[in-house]
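Note: the block below is coords-v7.txt and it holds compact mmCIF, C-alpha atoms.
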```txt
# COMPACT_ATOMS: atom_id res chain seq x y z
CA MET U 16 -82.11 76.75 141.99
CA SER U 17 -79.97 77.63 138.98
CA GLN U 18 -79.24 81.05 137.64
CA PRO U 19 -81.43 82.35 134.81
CA ALA U 20 -78.62 82.70 132.27
CA ASP U 21 -77.55 79.14 133.07
CA THR U 22 -80.93 77.51 132.50
CA GLN U 23 -81.51 79.32 129.27
CA THR U 24 -78.35 77.99 127.64
CA THR U 25 -78.84 74.40 128.81
CA SER U 26 -82.47 74.28 127.77
CA GLN U 27 -81.50 75.52 124.34
CA GLU U 28 -78.82 72.85 123.98
CA ASN U 29 -81.19 70.09 125.05
CA LYS U 30 -84.04 71.17 122.88
CA PRO U 31 -84.92 68.11 120.73
CA LYS U 32 -83.55 68.35 117.22
CA ARG U 33 -86.04 68.67 114.38
CA TRP U 34 -85.46 65.14 113.13
CA VAL U 35 -86.77 63.74 116.38
CA TYR U 36 -90.23 64.95 115.46
CA LEU U 37 -89.99 63.00 112.21
CA LEU U 38 -89.34 59.74 114.06
CA PRO U 39 -93.01 58.75 114.52
CA LEU U 40 -93.61 59.33 110.83
CA GLY U 41 -90.56 57.20 110.04
CA LEU U 42 -91.79 54.40 112.30
CA PHE U 43 -95.21 54.64 110.68
CA ALA U 44 -93.61 54.31 107.24
CA VAL U 45 -91.68 51.21 108.34
CA LEU U 46 -94.88 49.65 109.70
CA MET U 47 -96.68 50.43 106.45
CA VAL U 48 -93.98 48.61 104.48
CA PHE U 49 -94.34 45.57 106.76
CA PHE U 50 -98.12 45.60 106.46
CA PHE U 51 -98.01 46.13 102.71
CA PHE U 52 -95.95 43.01 102.15
CA GLY U 53 -97.27 41.00 105.09
CA LEU U 54 -100.96 41.44 104.38
CA GLY U 55 -100.43 40.72 100.69
CA LEU U 56 -99.30 37.19 101.54
CA ASN U 57 -101.81 34.37 101.35
CA PRO U 58 -101.80 32.62 104.74
CA ARG U 59 -103.08 29.45 103.05
CA LEU U 60 -99.85 29.08 101.10
CA ILE U 61 -97.42 27.40 103.42
CA PRO U 62 -93.96 27.05 101.91
CA SER U 63 -93.00 23.39 101.60
CA PRO U 64 -89.71 22.30 103.14
CA LEU U 65 -89.68 19.47 100.60
CA ILE U 66 -88.60 21.68 97.68
CA GLY U 67 -85.17 20.48 96.58
CA GLN U 68 -85.64 17.20 98.44
CA PRO U 69 -86.11 13.76 96.91
CA ALA U 70 -89.73 12.60 96.70
CA PRO U 71 -90.79 10.91 99.96
CA GLU U 72 -90.68 7.16 99.78
CA PHE U 73 -93.89 5.23 99.33
CA SER U 74 -95.16 1.92 98.10
CA LEU U 75 -98.92 1.85 97.58
CA PRO U 76 -101.51 -0.17 95.64
CA LYS U 77 -102.50 1.17 92.26
CA LEU U 78 -106.02 2.52 91.84
CA SER U 79 -106.36 0.69 88.53
CA ASN U 80 -105.18 -2.59 90.04
CA PRO U 81 -105.01 -3.01 93.84
CA ASN U 82 -102.80 -6.06 93.46
CA GLU U 83 -99.99 -4.05 91.91
CA LEU U 84 -97.83 -1.57 93.75
CA ILE U 85 -96.61 1.83 92.65
CA GLN U 86 -93.48 3.27 94.26
CA HIS U 87 -91.77 6.63 94.46
CA THR U 88 -89.00 5.23 92.25
CA ASP U 89 -91.54 4.79 89.44
CA LEU U 90 -91.70 8.58 89.14
CA LYS U 91 -88.01 8.82 88.29
CA GLY U 92 -86.64 9.00 84.76
CA GLU U 93 -88.56 11.96 83.43
CA VAL U 94 -90.06 15.24 84.57
CA SER U 95 -93.47 14.54 86.10
CA LEU U 96 -96.36 15.95 88.13
CA LEU U 97 -97.80 14.35 91.22
CA ASN U 98 -101.33 15.49 92.02
CA ILE U 99 -102.92 14.82 95.41
CA TRP U 100 -106.66 14.46 95.07
CA ALA U 101 -109.85 12.83 96.37
CA THR U 102 -113.48 12.60 95.33
CA TRP U 103 -114.59 14.45 98.48
CA CYS U 104 -112.43 17.41 97.45
CA THR U 105 -114.55 19.95 95.61
CA SER U 106 -111.59 21.98 94.36
CA CYS U 107 -110.26 18.79 92.77
CA ARG U 108 -113.43 18.58 90.73
CA GLN U 109 -112.84 22.18 89.70
CA GLU U 110 -109.24 21.41 88.73
CA HIS U 111 -110.06 18.21 86.88
CA PRO U 112 -110.78 19.70 83.40
CA VAL U 113 -107.43 21.52 83.52
CA LEU U 114 -105.65 18.26 84.35
CA MET U 115 -107.46 16.65 81.41
CA LYS U 116 -106.22 19.39 79.09
CA ILE U 117 -102.67 19.01 80.42
CA ALA U 118 -102.87 15.27 79.86
CA GLU U 119 -104.14 15.82 76.31
CA SER U 120 -101.23 18.15 75.57
CA LYS U 121 -98.89 15.23 76.44
CA GLU U 122 -96.38 17.68 77.87
CA VAL U 123 -95.85 15.82 81.12
CA PRO U 124 -97.03 12.59 82.75
CA ILE U 125 -99.39 13.19 85.69
CA TYR U 126 -99.33 10.78 88.60
CA GLY U 127 -102.03 10.86 91.24
CA LEU U 128 -101.96 10.31 94.95
CA TYR U 129 -105.52 9.29 95.73
CA TYR U 130 -105.77 10.67 99.25
CA LYS U 131 -107.99 9.41 102.08
CA ASP U 132 -110.80 8.07 99.97
CA VAL U 133 -112.49 4.80 99.04
CA PRO U 134 -110.81 3.26 95.95
CA GLU U 135 -114.11 2.27 94.28
CA GLN U 136 -115.32 5.88 94.31
CA GLY U 137 -112.13 7.03 92.64
CA VAL U 138 -112.53 4.46 89.89
CA VAL U 139 -116.09 5.64 89.22
CA TRP U 140 -115.01 9.29 89.24
CA LEU U 141 -112.32 8.64 86.62
CA GLN U 142 -114.78 6.67 84.48
CA ASN U 143 -117.31 9.50 84.63
CA TYR U 144 -115.09 12.54 84.19
CA GLY U 145 -112.07 11.09 82.39
CA ASN U 146 -108.67 9.97 83.57
CA PRO U 147 -105.77 12.41 83.25
CA TYR U 148 -103.47 10.22 85.34
CA LEU U 149 -100.82 7.85 84.11
CA GLU U 150 -101.20 5.99 87.39
CA ASN U 151 -102.75 6.54 90.81
CA ALA U 152 -101.40 5.50 94.19
CA VAL U 153 -104.09 4.77 96.77
CA ASP U 154 -103.34 6.35 100.13
CA GLU U 155 -106.43 5.36 102.05
CA ASP U 156 -105.30 6.29 105.56
CA GLY U 157 -103.44 9.46 104.51
CA LYS U 158 -100.08 8.32 105.89
CA VAL U 159 -98.24 8.98 102.63
CA GLY U 160 -100.02 12.33 102.41
CA ILE U 161 -98.36 13.30 105.68
CA GLU U 162 -94.99 12.25 104.23
CA TRP U 163 -95.60 14.67 101.37
CA GLY U 164 -96.73 17.42 103.75
CA ALA U 165 -100.24 17.50 102.29
CA TYR U 166 -102.61 19.85 104.08
CA GLY U 167 -105.12 20.99 101.49
CA THR U 168 -106.09 19.06 98.38
CA PRO U 169 -105.55 19.49 95.53
CA GLU U 170 -101.80 19.86 95.74
CA THR U 171 -99.46 19.34 92.84
CA PHE U 172 -95.75 18.63 92.98
CA LEU U 173 -93.35 19.11 90.10
CA LEU U 174 -90.58 16.52 90.06
CA ASP U 175 -87.46 16.51 87.95
CA ARG U 176 -86.11 13.42 86.20
CA ASP U 177 -84.12 12.43 89.29
CA GLY U 178 -87.27 12.42 91.39
CA ILE U 179 -86.37 15.65 93.21
CA ILE U 180 -89.29 17.92 94.16
CA ARG U 181 -88.79 21.26 92.41
CA TYR U 182 -92.06 23.07 92.95
CA LYS U 183 -95.31 22.73 94.85
CA HIS U 184 -98.62 24.19 93.83
CA VAL U 185 -101.38 24.36 96.47
CA GLY U 186 -104.98 24.57 95.33
CA PRO U 187 -106.48 23.93 91.90
CA ILE U 188 -104.22 24.69 88.93
CA SER U 189 -105.77 27.10 86.46
CA TRP U 190 -104.97 26.92 82.77
CA HIS U 191 -103.32 30.31 83.07
CA GLU U 192 -101.05 29.08 85.87
CA TRP U 193 -100.20 26.00 83.84
CA GLU U 194 -99.19 28.08 80.84
CA THR U 195 -97.33 30.83 82.67
CA LYS U 196 -95.78 28.96 85.58
CA LEU U 197 -95.68 25.19 85.35
CA LEU U 198 -95.06 24.71 81.63
CA PRO U 199 -92.05 27.08 81.50
CA MET U 200 -90.60 25.32 84.55
CA ILE U 201 -91.08 21.92 82.91
CA ASP U 202 -89.38 23.13 79.73
CA SER U 203 -86.44 24.50 81.62
CA LEU U 204 -86.19 21.31 83.70
CA ARG U 205 -86.00 19.28 80.48
CA LYS U 206 -83.39 21.55 78.92
CA ASN U 207 -81.16 22.50 81.84
CA ASN U 208 -82.39 20.21 84.61
CA ASP U 209 -83.11 23.39 86.54
CA VAL U 210 -86.15 25.55 87.19
CA MET F 26 -127.42 29.46 144.54
CA MET F 27 -127.85 30.19 140.87
CA SER F 28 -124.22 31.20 140.46
CA ARG F 29 -123.10 27.95 142.09
CA LEU F 30 -125.14 26.04 139.58
CA THR F 31 -123.59 27.94 136.66
CA CYS F 32 -120.15 27.33 138.14
CA LEU F 33 -120.86 23.63 138.29
CA CYS F 34 -122.15 23.62 134.71
CA LEU F 35 -119.06 25.46 133.50
CA LEU F 36 -116.81 23.11 135.42
CA LEU F 37 -118.51 20.06 133.95
CA PHE F 38 -118.30 21.61 130.49
CA PHE F 39 -114.55 22.10 130.73
CA VAL F 40 -113.97 18.72 132.28
CA THR F 41 -115.65 17.02 129.35
CA THR F 42 -113.71 19.00 126.74
CA VAL F 43 -110.39 18.22 128.39
CA SER F 44 -111.02 14.51 128.58
CA ALA F 45 -112.39 14.42 125.01
CA GLU F 46 -109.03 15.65 123.75
CA ILE F 47 -107.35 12.50 124.96
CA ALA F 48 -110.27 10.20 124.21
CA GLY F 49 -109.34 7.29 122.00
CA PHE F 50 -105.68 7.56 122.93
CA PRO F 51 -104.96 5.26 125.86
CA PHE F 52 -101.51 5.84 127.32
CA GLU F 53 -99.28 3.58 129.35
CA SER F 54 -98.08 6.32 131.67
CA GLU F 55 -98.92 9.80 132.90
CA ALA F 56 -95.67 11.14 131.45
CA GLN F 57 -96.59 9.93 127.98
CA GLU F 58 -100.01 11.48 128.24
CA GLN F 59 -98.51 14.78 129.39
CA ARG F 60 -96.05 14.77 126.50
CA PHE F 61 -98.85 14.09 124.04
CA ARG F 62 -100.86 16.93 125.55
CA ASP F 63 -97.91 19.35 125.43
CA LEU F 64 -96.90 18.50 121.88
CA SER F 65 -100.42 18.58 120.50
CA SER F 66 -100.91 22.08 121.86
CA GLU F 67 -97.51 23.28 120.58
CA LEU F 68 -98.20 22.09 117.06
CA ARG F 69 -100.46 24.04 114.80
CA CYS F 70 -103.23 22.65 112.64
CA LEU F 71 -102.48 23.60 109.04
CA VAL F 72 -106.09 23.58 107.94
CA CYS F 73 -107.67 25.75 110.64
CA GLN F 74 -104.60 27.79 111.21
CA ASN F 75 -105.54 29.42 114.47
CA GLN F 76 -106.04 26.13 116.26
CA SER F 77 -103.55 23.71 117.69
CA LEU F 78 -103.58 20.04 116.80
CA ALA F 79 -105.24 19.44 120.16
CA ASP F 80 -108.10 21.84 119.46
CA SER F 81 -108.82 21.12 115.84
CA ASN F 82 -111.31 18.63 114.48
CA ALA F 83 -110.04 18.86 110.91
CA GLY F 84 -109.30 15.54 109.26
CA LEU F 85 -105.63 16.36 108.92
CA ALA F 86 -105.38 17.36 112.58
CA GLN F 87 -106.88 14.00 113.55
CA ASP F 88 -104.35 12.19 111.37
CA LEU F 89 -101.46 14.19 112.77
CA ARG F 90 -102.72 13.54 116.30
CA SER F 91 -102.67 9.80 115.72
CA GLU F 92 -99.23 10.12 114.14
CA LEU F 93 -98.14 12.01 117.25
CA TYR F 94 -99.74 9.41 119.48
CA GLU F 95 -97.91 6.55 117.77
CA GLN F 96 -94.60 8.37 117.99
CA VAL F 97 -95.09 9.16 121.68
CA LEU F 98 -95.91 5.50 122.34
CA THR F 99 -92.84 4.24 120.48
CA GLY F 100 -90.81 6.53 122.71
CA ASN F 101 -89.57 9.10 120.22
CA SER F 102 -88.20 12.19 121.92
CA SER F 103 -90.07 15.48 121.64
CA ASN F 104 -87.27 16.85 119.46
CA GLN F 105 -87.55 13.89 117.11
CA ILE F 106 -91.30 14.38 116.81
CA ILE F 107 -90.98 18.11 116.20
CA SER F 108 -88.38 17.59 113.48
CA PHE F 109 -90.59 14.91 111.91
CA MET F 110 -93.36 17.51 111.68
CA THR F 111 -91.19 20.39 110.45
CA GLU F 112 -89.45 18.22 107.82
CA ARG F 113 -92.84 17.69 106.25
CA TYR F 114 -94.80 20.83 107.02
CA GLY F 115 -92.13 23.43 107.68
CA ASP F 116 -91.74 25.78 110.62
CA PHE F 117 -95.30 26.89 110.06
CA ILE F 118 -96.49 23.91 112.11
CA LEU F 119 -94.77 25.34 115.20
CA TYR F 120 -96.78 27.80 117.24
CA LYS F 121 -93.61 29.14 118.78
CA PRO F 122 -91.28 30.32 116.00
CA ARG F 123 -87.70 29.08 116.12
CA PHE F 124 -84.89 31.44 116.95
CA ALA F 125 -83.14 31.64 113.57
CA THR F 126 -81.72 34.32 111.27
CA LYS F 127 -85.07 34.48 109.51
CA THR F 128 -86.90 35.17 112.77
CA LEU F 129 -84.18 37.25 114.42
CA PHE F 130 -86.08 40.52 113.96
CA LEU F 131 -89.28 38.95 115.25
CA TRP F 132 -87.59 37.83 118.45
CA LEU F 133 -85.44 40.89 119.04
CA ALA F 134 -87.82 43.66 117.97
CA PRO F 135 -89.58 43.87 121.37
CA PHE F 136 -86.26 44.32 123.20
CA LEU F 137 -85.07 46.81 120.62
CA LEU F 138 -88.27 48.81 120.88
CA PHE F 139 -88.02 48.68 124.67
CA ILE F 140 -84.49 50.10 124.60
CA VAL F 141 -85.51 52.83 122.15
CA GLY F 142 -88.50 53.62 124.37
CA VAL F 143 -86.39 53.90 127.50
CA PHE F 144 -83.90 56.11 125.65
CA PHE F 145 -86.58 58.57 124.64
CA LEU F 146 -88.27 58.42 128.02
CA ILE F 147 -85.04 59.45 129.74
CA ARG F 148 -84.27 62.07 127.15
CA PHE F 149 -87.63 63.76 127.29
CA SER F 150 -88.02 63.55 131.06
CA LYS F 151 -84.65 65.28 131.48
CA LEU F 152 -85.77 67.95 129.08
CA ARG F 153 -89.00 68.49 130.97
CA ASN F 154 -87.19 68.88 134.30
CA GLN F 155 -85.01 71.57 132.84
CA THR F 156 -87.69 73.58 131.11
CA GLN F 157 -89.68 73.56 134.32
CA SER F 158 -87.29 76.15 135.77
CA ILE F 159 -88.76 79.47 134.67
CA GLY F 160 -85.56 81.44 134.92
CA ALA F 161 -86.46 83.71 137.85
CA THR F 162 -83.92 85.05 140.33
CA GLU F 163 -84.10 84.23 144.03
CA GLU F 164 -85.51 87.75 144.74
CA GLU F 165 -88.21 87.36 142.13
CA LEU F 166 -89.13 83.96 143.51
CA GLN F 167 -89.47 85.44 146.97
CA LYS F 168 -91.81 88.06 145.57
CA ILE F 169 -93.91 85.40 143.85
CA ARG F 170 -94.24 83.42 147.08
CA GLU F 171 -95.38 86.51 148.95
CA LEU F 172 -97.99 87.30 146.33
CA LEU F 173 -99.31 83.74 146.39
CA GLN F 174 -99.53 83.76 150.16
CA ALA F 175 -101.38 87.07 150.10
CA GLU F 176 -103.89 85.71 147.65
CA GLU F 177 -104.45 82.60 149.76
CA LYS F 178 -105.20 84.76 152.79
CA GLU F 179 -107.64 86.84 150.81
CA ASN F 180 -109.47 83.72 149.70
CA GLN F 181 -109.76 82.50 153.28
```
Rewrite the structure of this file - the entire thing - as structure tokens.
Amino acid sequence: MSQPADTQTTSQENKPKRWVYLLPLGLFAVLMVFFFFGLGLNPRLIPSPLIGQPAPEFSLPKLSNPNELIQHTDLKGEVSLLNIWATWCTSCRQEHPVLMKIAESKEVPIYGLYYKDVPEQGVVWLQNYGNPYLENAVDEDGKVGIEWGAYGTPETFLLDRDGIIRYKHVGPISWHEWETKLLPMIDSLRKNNDV
Amino acid sequence: MMSRLTCLCLLLFFVTTVSAEIAGFPFESEAQEQRFRDLSSELRCLVCQNQSLADSNAGLAQDLRSELYEQVLTGNSSNQIISFMTERYGDFILYKPRFATKTLFLWLAPFLLFIVGVFFLIRFSKLRNQTQSIGATEEELQKIRELLQAEEKENQ
């Protein structure tokens, strides 16, 4: 058993400092910052590892003419969009008028990757609703879709003139997104070959 | 009796789901089948994000399963298959995050928090031991003991 004077001094020295009581609050603040940024993210948007990579190789029949092939090299030479779509994809139907408007503006050629669908249905769809695509590649079994890392149609890739993927948009493009995001990127790709 | 019947039903239920996972994918060897099973449960379906490729019925999961199947059959190593998947879909397709600078905090945070916890545990338990001494002299303590004993006797 220690002497009274002894214990008093040691207990005073070991008394937790004031800042210790602020620690839980500090930890709480750190957690809040994590939650604020973490919960604001859209879990559906998975960053593509293909950004900055050359377009995956493919050689597929054209939708307009199954006897002719379209290849990844055909996309080279100018800035272009590649849109992955299908007739079973309802968001593609929603996006379609925007693609038509983009095509009318003649700002950029749009190529299509017709994904996991019957070619005849695609032809009918384009006849009924209009065709914004310069050309469509038919990927009936979805193998090329996997090469492009497709997981949720519609998906749109922005390619530079060397056929390098510069940006990926998941989900339907809205006119607002086209004007504020894609178009400025296309302009800067044309001018400086950089987004 | 009833519980045995339910057990049997449950057993049958799980047996069918397990075999359905491999259905349509005939393998040449047990090892191949095991590798397919392991990989398809390590890889995440990107459409229904809380399911593995093995569990999901999404169209993309089916396609990726057959891709996986073909690669297992051709004898690609598990590392080759995993890099095939991450080159196209990113690290997101892995259920178990890689140990990289980006995920350093994720991996180390539990250990860090454990160390911090132990530090405070020791600190505060020391403090408690010390404040438990009430600062009485030996004579005073003796007096306290006597009083307590007297009270105990009274209660008896």
Exercise: F:Phe109 partners within 12 Å, all atoms listed in the file, chain neighbours under 2 positions left out, as a VMD selection string = (chain U and resid 64 161 to 164) or (chain F and resid 68 89 92 to 93 96 101 to 107 111 to 116 118 to 119)
Correct to one decimal, the distance atom CA of U:Gly53-atom CA of U:Glu194 is 27.5 Å
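If all atoms listed in the file are the atoms counted, then among F:Phe61, F:Tyr120, F:Phe52, F:Tyr94 the closest residue to F:Gln74 is F:Tyr120.
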Please provide the set of residues having any atom within 12 Å of U:Gly160, restricted to all atoms listed in the file, with same-chain residues fewer than 4 positions apart removed, written as a PyMOL selection string.
-> (chain U and resi 70-73+75+97-101+127-132+152-156+164-171) or (chain F and resi 84-85+88-89+92+113-114)
What does the distance from atom CA of U:Ser74 to atom CA of U:Glu122 come to in Å, to one decimal?
-> 25.7 Å
